[in-house]
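S.K.: final32.pdb is reproduced below (PDB, C-alpha atoms (C1' of nucleotides)).
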```pdb
ATOM      1  CA  MET D1214     110.552 141.409  79.466
ATOM      2  CA  GLU D1215     110.651 141.468  83.219
ATOM      3  CA  MET D1216     112.383 138.999  85.488
ATOM      4  CA  LYS D1217     110.373 135.968  86.374
ATOM      5  CA  GLU D1218     109.567 135.712  90.022
ATOM      6  CA  CYS D1219     107.065 133.519  91.668
ATOM      7  CA  SER D1220     103.650 134.915  92.294
ATOM      8  CA  VAL D1221     103.000 132.615  95.216
ATOM      9  CA  GLU D1222     105.023 132.915  98.353
ATOM     10  CA  PHE D1223     105.207 130.814 101.449
ATOM     11  CA  HIS D1224     106.198 132.556 104.578
ATOM     12  CA  ALA D1225     107.917 130.802 107.424
ATOM     13  CA  ASN D1226     105.073 131.650 109.754
ATOM     14  CA  CYS D1227     102.260 130.821 107.355
ATOM     15  CA  PRO D1228      99.771 128.909 109.506
ATOM     16  CA  SER D1229      98.999 126.353 106.836
ATOM     17  CA  ARG D1230     102.673 125.514 106.662
ATOM     18  CA  LEU D1231     102.853 124.763 110.328
ATOM     19  CA  LEU D1232      99.829 122.528 110.092
ATOM     20  CA  LEU D1233     101.073 120.745 107.011
ATOM     21  CA  ASP D1234     104.223 119.835 108.878
ATOM     22  CA  GLN D1235     102.058 118.203 111.474
ATOM     23  CA  ILE D1236      99.749 116.115 109.342
ATOM     24  CA  ALA D1237     101.793 115.283 106.280
ATOM     25  CA  ASP D1238     104.150 112.857 107.899
ATOM     26  CA  LYS D1239     104.875 109.240 107.310
ATOM     27  CA  TRP D1240     102.344 107.660 109.663
ATOM     28  CA  SER D1241      99.491 110.120 110.246
ATOM     29  CA  MET D1242      97.769 109.351 106.996
ATOM     30  CA  MET D1243      97.896 105.627 107.545
ATOM     31  CA  ILE D1244      96.720 105.788 111.122
ATOM     32  CA  LEU D1245      93.749 107.808 110.022
ATOM     33  CA  ALA D1246      92.921 105.326 107.287
ATOM     34  CA  VAL D1247      93.069 102.490 109.775
ATOM     35  CA  LEU D1248      90.747 104.313 112.170
ATOM     36  CA  ALA D1249      88.275 105.270 109.473
ATOM     37  CA  ASP D1250      86.109 102.186 110.004
ATOM     38  CA  GLY D1251      85.727 102.571 113.730
ATOM     39  CA  PRO D1252      87.632 102.986 116.986
ATOM     40  CA  LEU D1253      90.509 100.649 117.723
ATOM     41  CA  ARG D1254      92.766  99.906 120.622
ATOM     42  CA  PHE D1255      96.457 100.690 120.684
ATOM     43  CA  ASN D1256      97.744  97.287 119.734
ATOM     44  CA  ALA D1257      95.075  96.758 117.117
ATOM     45  CA  ILE D1258      96.288  99.882 115.348
ATOM     46  CA  LYS D1259      99.834  98.671 115.703
ATOM     47  CA  ARG D1260      98.974  95.371 114.076
ATOM     48  CA  GLY D1261      97.454  97.227 111.139
ATOM     49  CA  LEU D1262     100.621  99.167 110.402
ATOM     50  CA  GLU D1263     103.422  96.847 109.549
ATOM     51  CA  GLY D1264     106.765  98.312 110.480
ATOM     52  CA  ILE D1265     105.668 100.938 112.970
ATOM     53  CA  THR D1266     107.340 100.848 116.344
ATOM     54  CA  GLN D1267     105.516 101.329 119.599
ATOM     55  CA  LYS D1268     107.352 104.589 120.090
ATOM     56  CA  ALA D1269     106.439 106.018 116.712
ATOM     57  CA  LEU D1270     102.826 105.013 117.157
ATOM     58  CA  THR D1271     102.591 106.630 120.578
ATOM     59  CA  GLN D1272     104.150 109.829 119.343
ATOM     60  CA  THR D1273     101.987 110.072 116.262
ATOM     61  CA  LEU D1274      98.808 109.327 118.189
ATOM     62  CA  ARG D1275      99.687 112.039 120.706
ATOM     63  CA  LYS D1276     100.212 114.520 117.929
ATOM     64  CA  LEU D1277      96.947 113.599 116.255
ATOM     65  CA  GLU D1278      95.166 113.845 119.576
ATOM     66  CA  ARG D1279      96.657 117.245 120.285
ATOM     67  CA  ASN D1280      95.517 118.503 116.909
ATOM     68  CA  GLY D1281      91.992 117.249 117.558
ATOM     69  CA  ILE D1282      92.105 114.636 114.819
ATOM     70  CA  VAL D1283      91.753 111.566 117.004
ATOM     71  CA  ALA D1284      90.237 111.164 120.453
ATOM     72  CA  ARG D1285      91.674 108.979 123.178
ATOM     73  CA  HIS D1286      89.344 107.108 125.515
ATOM     74  CA  VAL D1287      90.645 105.329 128.563
ATOM     75  CA  ILE D1288      88.461 102.439 129.683
ATOM     76  CA  ALA D1289      89.152 101.665 133.316
ATOM     77  CA  THR D1290      89.288  97.893 133.183
ATOM     78  CA  SER D1291      92.158  95.827 134.433
ATOM     79  CA  PRO D1292      94.433  95.916 132.676
ATOM     80  CA  VAL D1293      93.424  99.235 131.170
ATOM     81  CA  ALA D1294      92.123  99.450 127.647
ATOM     82  CA  VAL D1295      92.619 102.543 125.520
ATOM     83  CA  GLU D1296      90.582 103.229 122.438
ATOM     84  CA  TYR D1297      91.425 105.680 119.730
ATOM     85  CA  GLU D1298      88.656 107.138 117.645
ATOM     86  CA  ILE D1299      88.699 109.453 114.695
ATOM     87  CA  THR D1300      86.967 112.774 115.383
ATOM     88  CA  ASP D1301      84.689 114.680 113.012
ATOM     89  CA  LEU D1302      87.593 116.962 112.283
ATOM     90  CA  GLY D1303      89.760 113.976 111.504
ATOM     91  CA  ARG D1304      87.065 112.497 109.343
ATOM     92  CA  SER D1305      86.994 115.636 107.241
ATOM     93  CA  LEU D1306      90.659 115.014 106.493
ATOM     94  CA  LEU D1307      89.962 111.626 104.981
ATOM     95  CA  GLY D1308      88.791 113.124 101.695
ATOM     96  CA  PRO D1309      91.998 115.042 100.978
ATOM     97  CA  PHE D1310      94.093 112.099 102.117
ATOM     98  CA  LYS D1311      92.195 109.710  99.923
ATOM     99  CA  ALA D1312      92.766 111.939  96.917
ATOM    100  CA  LEU D1313      96.478 111.760  97.552
ATOM    101  CA  TYR D1314      96.365 108.029  98.044
ATOM    102  CA  MET D1315      94.453 107.486  94.816
ATOM    103  CA  TRP D1316      96.989 109.606  92.987
ATOM    104  CA  THR D1317      99.823 107.394  94.156
ATOM    105  CA  ARG D1318      97.991 104.299  93.010
ATOM    106  CA  GLU D1319      97.158 105.707  89.609
ATOM    107  CA  ASN D1320     100.492 107.239  88.841
ATOM    108  CA  MET D1321     102.846 104.718  90.318
ATOM    109  CA  PRO D1322     103.848 103.235  86.939
ATOM    110  CA  GLU D1323     104.724 106.608  85.516
ATOM    111  CA  VAL D1324     106.762 107.502  88.573
ATOM    112  CA  GLU D1325     108.646 104.237  88.408
ATOM    113  CA  ALA D1326     109.430 104.834  84.754
ATOM    114  CA  ALA D1327     110.700 108.311  85.547
ATOM    115  CA  ARG D1328     112.928 106.920  88.253
ATOM    116  CA  ALA D1329     114.374 104.270  85.995
ATOM    117  CA  ALA D1330     115.109 106.880  83.324
ATOM    118  CA  PHE D1331     116.693 109.212  85.841
ATOM    119  CA  ASP D1332     118.857 106.511  87.365
ATOM    120  CA  ALA D1333     119.956 105.361  83.924
ATOM    121  CA  ARG D1334     121.034 108.898  83.084
ATOM    122  CA  MET D1335     123.017 109.043  86.307
ATOM    123  CA  GLU D1336     124.717 105.788  85.457
ATOM    124  CA  GLU D1337     125.900 106.896  82.066
ATOM    125  CA  THR D1338     127.516 110.044  83.433
ATOM    126  CA  THR D1339     129.535 107.836  85.774
TER     127      THR D1339
ATOM    128  CA  MET L 700      81.330  89.548 120.164
ATOM    129  CA  GLU L 701      84.584  89.195 118.266
ATOM    130  CA  MET L 702      87.739  91.165 118.826
ATOM    131  CA  LYS L 703      88.004  94.371 116.897
ATOM    132  CA  GLU L 704      90.801  94.375 114.403
ATOM    133  CA  CYS L 705      91.386  96.775 111.626
ATOM    134  CA  SER L 706      90.061  95.899 108.242
ATOM    135  CA  VAL L 707      92.626  97.940 106.406
ATOM    136  CA  GLU L 708      96.245  97.014 106.533
ATOM    137  CA  PHE L 709      99.352  98.741 105.334
ATOM    138  CA  HIS L 710     102.255  96.601 104.451
ATOM    139  CA  ALA L 711     105.795  97.799 104.707
ATOM    140  CA  ASN L 712     106.378  97.188 101.024
ATOM    141  CA  CYS L 713     103.103  98.682  99.809
ATOM    142  CA  PRO L 714     104.130 100.754  96.784
ATOM    143  CA  SER L 715     101.849 103.643  97.629
ATOM    144  CA  ARG L 716     103.535 103.889 100.978
ATOM    145  CA  LEU L 717     106.933 104.254  99.416
ATOM    146  CA  LEU L 718     105.658 106.949  97.122
ATOM    147  CA  LEU L 719     103.875 108.794  99.882
ATOM    148  CA  ASP L 720     107.118 109.002 101.790
ATOM    149  CA  GLN L 721     108.627 110.708  98.791
ATOM    150  CA  ILE L 722     106.028 113.349  98.049
ATOM    151  CA  ALA L 723     104.476 114.135 101.411
ATOM    152  CA  ASP L 724     107.411 115.929 102.887
ATOM    153  CA  LYS L 725     107.872 119.415 104.165
ATOM    154  CA  TRP L 726     108.939 121.153 100.974
ATOM    155  CA  SER L 727     107.670 119.183  97.981
ATOM    156  CA  MET L 728     104.166 120.520  98.206
ATOM    157  CA  MET L 729     105.292 124.095  98.410
ATOM    158  CA  ILE L 730     107.783 123.828  95.599
ATOM    159  CA  LEU L 731     105.069 122.438  93.386
ATOM    160  CA  ALA L 732     102.718 125.252  94.309
ATOM    161  CA  VAL L 733     105.378 127.783  93.477
ATOM    162  CA  LEU L 734     106.047 126.182  90.096
ATOM    163  CA  ALA L 735     102.375 125.895  89.225
ATOM    164  CA  ASP L 736     102.288 129.234  87.392
ATOM    165  CA  GLY L 737     105.254 128.580  85.180
ATOM    166  CA  PRO L 738     108.912 127.558  85.155
ATOM    167  CA  LEU L 739     111.293 129.316  87.484
ATOM    168  CA  ARG L 740     115.000 129.399  88.056
ATOM    169  CA  PHE L 741     116.721 128.012  91.113
ATOM    170  CA  ASN L 742     117.071 131.214  93.048
ATOM    171  CA  ALA L 743     113.613 132.413  92.112
ATOM    172  CA  ILE L 744     112.176 129.302  93.729
ATOM    173  CA  LYS L 745     114.383 129.858  96.714
ATOM    174  CA  ARG L 746     113.098 133.378  97.116
ATOM    175  CA  GLY L 747     109.554 132.068  97.087
ATOM    176  CA  LEU L 748     110.105 129.711  99.970
ATOM    177  CA  GLU L 749     111.102 131.602 103.028
ATOM    178  CA  GLY L 750     113.310 129.539 105.272
ATOM    179  CA  ILE L 751     114.501 126.916 102.826
ATOM    180  CA  THR L 752     118.237 126.433 102.547
ATOM    181  CA  GLN L 753     120.122 125.903  99.316
ATOM    182  CA  LYS L 754     120.881 122.367 100.357
ATOM    183  CA  ALA L 755     117.289 121.443 101.123
ATOM    184  CA  LEU L 756     116.087 123.008  97.892
ATOM    185  CA  THR L 757     118.668 121.143  95.832
ATOM    186  CA  GLN L 758     117.811 117.842  97.485
ATOM    187  CA  THR L 759     114.072 118.254  97.125
ATOM    188  CA  LEU L 760     114.319 119.346  93.504
ATOM    189  CA  ARG L 761     116.467 116.310  92.722
ATOM    190  CA  LYS L 762     113.922 114.038  94.311
ATOM    191  CA  LEU L 763     111.063 115.647  92.440
ATOM    192  CA  GLU L 764     113.037 115.407  89.228
ATOM    193  CA  ARG L 765     113.811 111.756  89.811
ATOM    194  CA  ASN L 766     110.136 111.021  90.389
ATOM    195  CA  GLY L 767     109.196 112.784  87.158
ATOM    196  CA  ILE L 768     107.329 115.580  88.897
ATOM    197  CA  VAL L 769     109.527 118.441  87.805
ATOM    198  CA  ALA L 770     111.832 118.790  84.830
ATOM    199  CA  ARG L 771     115.221 120.464  84.914
ATOM    200  CA  HIS L 772     116.402 122.486  81.940
ATOM    201  CA  VAL L 773     119.952 123.771  81.717
ATOM    202  CA  ILE L 774     120.320 126.871  79.580
ATOM    203  CA  ALA L 775     123.900 127.208  78.426
ATOM    204  CA  THR L 776     124.438 130.898  78.993
ATOM    205  CA  SER L 777     127.216 132.356  81.032
ATOM    206  CA  PRO L 778     126.780 132.043  83.873
ATOM    207  CA  VAL L 779     124.477 129.094  83.409
ATOM    208  CA  ALA L 780     120.792 129.368  84.024
ATOM    209  CA  VAL L 781     118.726 126.427  85.205
ATOM    210  CA  GLU L 782     114.985 126.359  84.918
ATOM    211  CA  TYR L 783     112.660 124.052  86.751
ATOM    212  CA  GLU L 784     109.302 123.259  85.263
ATOM    213  CA  ILE L 785     106.409 121.243  86.541
ATOM    214  CA  THR L 786     105.632 118.208  84.365
ATOM    215  CA  ASP L 787     102.202 116.931  83.396
ATOM    216  CA  LEU L 788     102.592 114.269  86.026
ATOM    217  CA  GLY L 789     103.447 116.911  88.584
ATOM    218  CA  ARG L 790     100.525 119.015  87.494
ATOM    219  CA  SER L 791      98.174 116.131  88.170
ATOM    220  CA  LEU L 792      99.388 116.199  91.755
ATOM    221  CA  LEU L 793      98.308 119.789  92.240
ATOM    222  CA  GLY L 794      94.681 118.802  92.717
ATOM    223  CA  PRO L 795      95.276 116.470  95.655
ATOM    224  CA  PHE L 796      97.754 118.904  97.167
ATOM    225  CA  LYS L 797      95.362 121.767  96.856
ATOM    226  CA  ALA L 798      92.651 119.774  98.619
ATOM    227  CA  LEU L 799      95.005 119.286 101.521
ATOM    228  CA  TYR L 800      96.005 122.915 101.521
ATOM    229  CA  MET L 801      92.405 124.086 101.536
ATOM    230  CA  TRP L 802      91.672 121.769 104.417
ATOM    231  CA  THR L 803      94.408 123.376 106.494
ATOM    232  CA  ARG L 804      93.035 126.822 105.776
ATOM    233  CA  GLU L 805      89.470 125.907 106.618
ATOM    234  CA  ASN L 806      90.164 123.926 109.736
ATOM    235  CA  MET L 807      92.992 125.871 111.264
ATOM    236  CA  PRO L 808      90.802 127.501 113.945
ATOM    237  CA  GLU L 809      89.443 124.172 115.098
ATOM    238  CA  VAL L 810      92.918 122.677 115.246
ATOM    239  CA  GLU L 811      94.233 125.595 117.260
ATOM    240  CA  ALA L 812      91.358 125.242 119.698
ATOM    241  CA  ALA L 813      92.079 121.535 120.069
ATOM    242  CA  ARG L 814      95.714 122.270 120.754
ATOM    243  CA  ALA L 815      94.903 124.859 123.369
ATOM    244  CA  ALA L 816      92.533 122.456 125.096
ATOM    245  CA  PHE L 817      95.072 119.642 124.993
ATOM    246  CA  ASP L 818      97.874 121.788 126.337
ATOM    247  CA  ALA L 819      95.628 123.092 129.103
ATOM    248  CA  ARG L 820      94.824 119.528 130.138
ATOM    249  CA  MET L 821      98.527 118.741 130.221
ATOM    250  CA  GLU L 822      99.171 121.753 132.401
ATOM    251  CA  GLU L 823      96.638 120.813 135.022
ATOM    252  CA  THR L 824      98.081 117.326 135.441
ATOM    253  CA  THR L 825     101.450 118.942 136.190
TER     254      THR L 825
ATOM    255  C1'  DC I 273     124.094 131.593  88.949
ATOM    256  C1'  DA I 274     123.555 126.997  90.463
ATOM    257  C1'  DG I 275     125.157 124.093  92.838
ATOM    258  C1'  DA I 276     128.908 120.464  95.314
ATOM    259  C1'  DA I 277     131.572 119.538  99.434
ATOM    260  C1'  DT I 278     132.448 119.715 104.104
ATOM    261  C1'  DC I 279     131.653 120.034 109.002
ATOM    262  C1'  DC I 280     129.139 119.944 113.068
ATOM    263  C1'  DA I 281     125.001 120.049 116.002
ATOM    264  C1'  DA I 282     120.452 118.596 116.550
ATOM    265  C1'  DA I 283     116.723 115.649 115.707
ATOM    266  C1'  DC I 284     115.165 111.225 115.046
ATOM    267  C1'  DC I 285     114.910 106.067 115.484
ATOM    268  C1'  DG I 286     114.878 101.509 116.938
ATOM    269  C1'  DA I 287     115.910  98.453 120.585
ATOM    270  C1'  DT I 288     115.642  97.481 125.219
ATOM    271  C1'  DA I 289     114.154  97.622 129.908
ATOM    272  C1'  DC I 290     110.751  98.908 133.117
ATOM    273  C1'  DT I 291     105.809 100.107 135.135
ATOM    274  C1'  DG I 292     100.750 100.825 136.754
TER     275       DG I 292
ATOM    276  C1'  DC M 270      97.700  96.334 127.969
ATOM    277  C1'  DA M 271      99.479 100.658 127.051
ATOM    278  C1'  DG M 272     102.508 102.957 127.678
ATOM    279  C1'  DT M 273     107.304 105.809 129.810
ATOM    280  C1'  DA M 274     112.388 106.174 130.132
ATOM    281  C1'  DT M 275     116.727 105.698 128.459
ATOM    282  C1'  DC M 276     120.596 105.014 125.372
ATOM    283  C1'  DG M 277     123.506 104.613 121.143
ATOM    284  C1'  DG M 278     123.531 105.046 116.174
ATOM    285  C1'  DT M 279     122.074 107.043 112.279
ATOM    286  C1'  DT M 280     120.096 110.501 109.742
ATOM    287  C1'  DT M 281     118.988 115.116 108.981
ATOM    288  C1'  DG M 282     119.770 120.157 108.669
ATOM    289  C1'  DG M 283     122.047 124.457 108.800
ATOM    290  C1'  DA M 284     126.035 127.239 108.108
ATOM    291  C1'  DT M 285     129.954 127.912 105.587
ATOM    292  C1'  DT M 286     133.188 127.596 101.905
ATOM    293  C1'  DC M 287     134.361 126.806  97.249
ATOM    294  C1'  DT M 288     133.715 126.282  91.970
ATOM    295  C1'  DG M 289     132.555 126.044  86.690
TER     296       DG M 289
END
```
Please re-express this file's structure in structure tokens.
M.R.:
Amino acid sequence: MEMKECSVEFHANCPSRLLLDQIADKWSMMILAVLADGPLRFNAIKRGLEGITQKALTQTLRKLERNGIVARHVIATSPVAVEYEITDLGRSLLGPFKALYMWTRENMPEVEAARAAFDARMEETT
Amino acid sequence: MEMKECSVEFHANCPSRLLLDQIADKWSMMILAVLADGPLRFNAIKRGLEGITQKALTQTLRKLERNGIVARHVIATSPVAVEYEITDLGRSLLGPFKALYMWTRENMPEVEAARAAFDARMEETT
DNA sequence: CAGAATCCAAACCGATACTG
DNA sequence: CAGTATCGGTTTGGATTCTG
């Protein structure tokens, strides 16, 4: 019997890895969900995401814009209005994201049970 | 015409949000992919993930174990062997993860183009 | 082999103040 | 309104050393 090694490998420079780092963060998924129904202005997005700071929102929007997932439109009124809109590319991401979201909803109870069991085991060793 | 607000809202204590924070991190997805074909020992996993440190691997495995996504089996040989195996719960996550992974592979070119365009625009304003 | 412990630097994070 | 700039504080992350 030979040694077991993994058949899949992930290299440090694997392009999908670099991209995953970009999109699989705390806020990106939620921002996209919020923009799914139509373009929104900066503060409207902010109001939809309880707990996000202005700084985090700005940074995440910039990153999404750079990756072509949202588009930023400046409307030259006074004071200026800025609208963020999901792009076609971003829209194509909604499917995968939704699958992940549905998984969390469906499997939450089982995860909670696992956590409780794990924490109980930790307790008893203490 | 009424003000546009978002119809979806994410609350800070939304359970799916808490779970998403746990599973959508840099290494979890890749560890799961590596374990998909069968159980592996600690250092075999490590060899499959170029760039991961022992500390990061330990931490991520603990988290996955706590959430019931992988199982840890200690084999009392000398020196000890420890095998990590994906659980049924973890296996059910592979689908959503794979969808995300496929998306990155398919849309990488478009993302790169968007980045180049964005960075070029930044240059010209400087 | 599979970690735990420690140390230090770097990245992040929220709060605050300021601006066109 | 939609940001930028700045500043501590905390968290993270790597490198190293040690152990059953």
S.K.: Any chance you could work out the residue set of the PyMOL selection byres ((chain L) within 7 of (chain I)) here, as number ranges by chain?
M.R.: L: 741, 778-780
S.K.: For chain M, which residues have at least one atom within 10 Å of chain L, if we go by only C-alpha atoms (C1' of nucleotides)? Write them as a list in words, please.
M.R.: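 Result, ordered by chain then number: DG282, DG283, DA284 and DG289 of chain M.
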S.K.: For the residues in the current selection, export C-alpha atoms (C1' of nucleotides) as a PDB file, keeping the file's coordinate frame.
M.R.:
```pdb
ATOM      1  C1'  DG M 282     119.770 120.157 108.669  1.00  0.00           C
ATOM      2  C1'  DG M 283     122.047 124.457 108.800  1.00  0.00           C
ATOM      3  C1'  DA M 284     126.035 127.239 108.108  1.00  0.00           C
ATOM      4  C1'  DG M 289     132.555 126.044  86.690  1.00  0.00           C
TER       5       DG M 289
END
```
S.K.: Please enumerate the residues selected by the PyMOL selection byres ((chain D) within 6 of (chain L)) when evaluated against the supplied file, formatted as an MDAnalysis selection string.
M.R.: chainID D and resid 1218 1221:1225 1229 1234 1237 1239 1247 1257 1261:1264 1279:1281 1309 1312:1313 1317 1324 1327:1328 1331
S.K.: Report the distance between C1' of DT286 in chain M and CA of Thr759 in chain L in Å, rounded to one decimal place.
M.R.: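 Between C1' of DT286 in chain M and CA of Thr759 in chain L the gap works out to 21.8 Å.
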S.K.: How far is it from CA of Ala1333 in chain D to CA of Arg790 in chain L, in Å with one decimal?
M.R.: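 That distance, rounded to one decimal, is 24.0 Å.
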S.K.: Mind working out the centre and edge lengths of an axis-aligned box for range 1314-1324 of chain D, all listed atoms inside, 8 Å added to each side, rounded to one decimal in Å and written as AutoDock Vina command-line options?
M.R.:
```
--center_x 100.6 --center_y 106.4 --center_z 91.8 --size_x 28.3 --size_y 22.4 --size_z 28.5
```
S.K.: For the atom pair CA of Leu756 in chain L and CA of Thr786 in chain L, what is the interatomic distance in Å to one decimal place?
M.R.: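 Computed distance, CA of Leu756 in chain L to CA of Thr786 in chain L, equals 17.8 Å.
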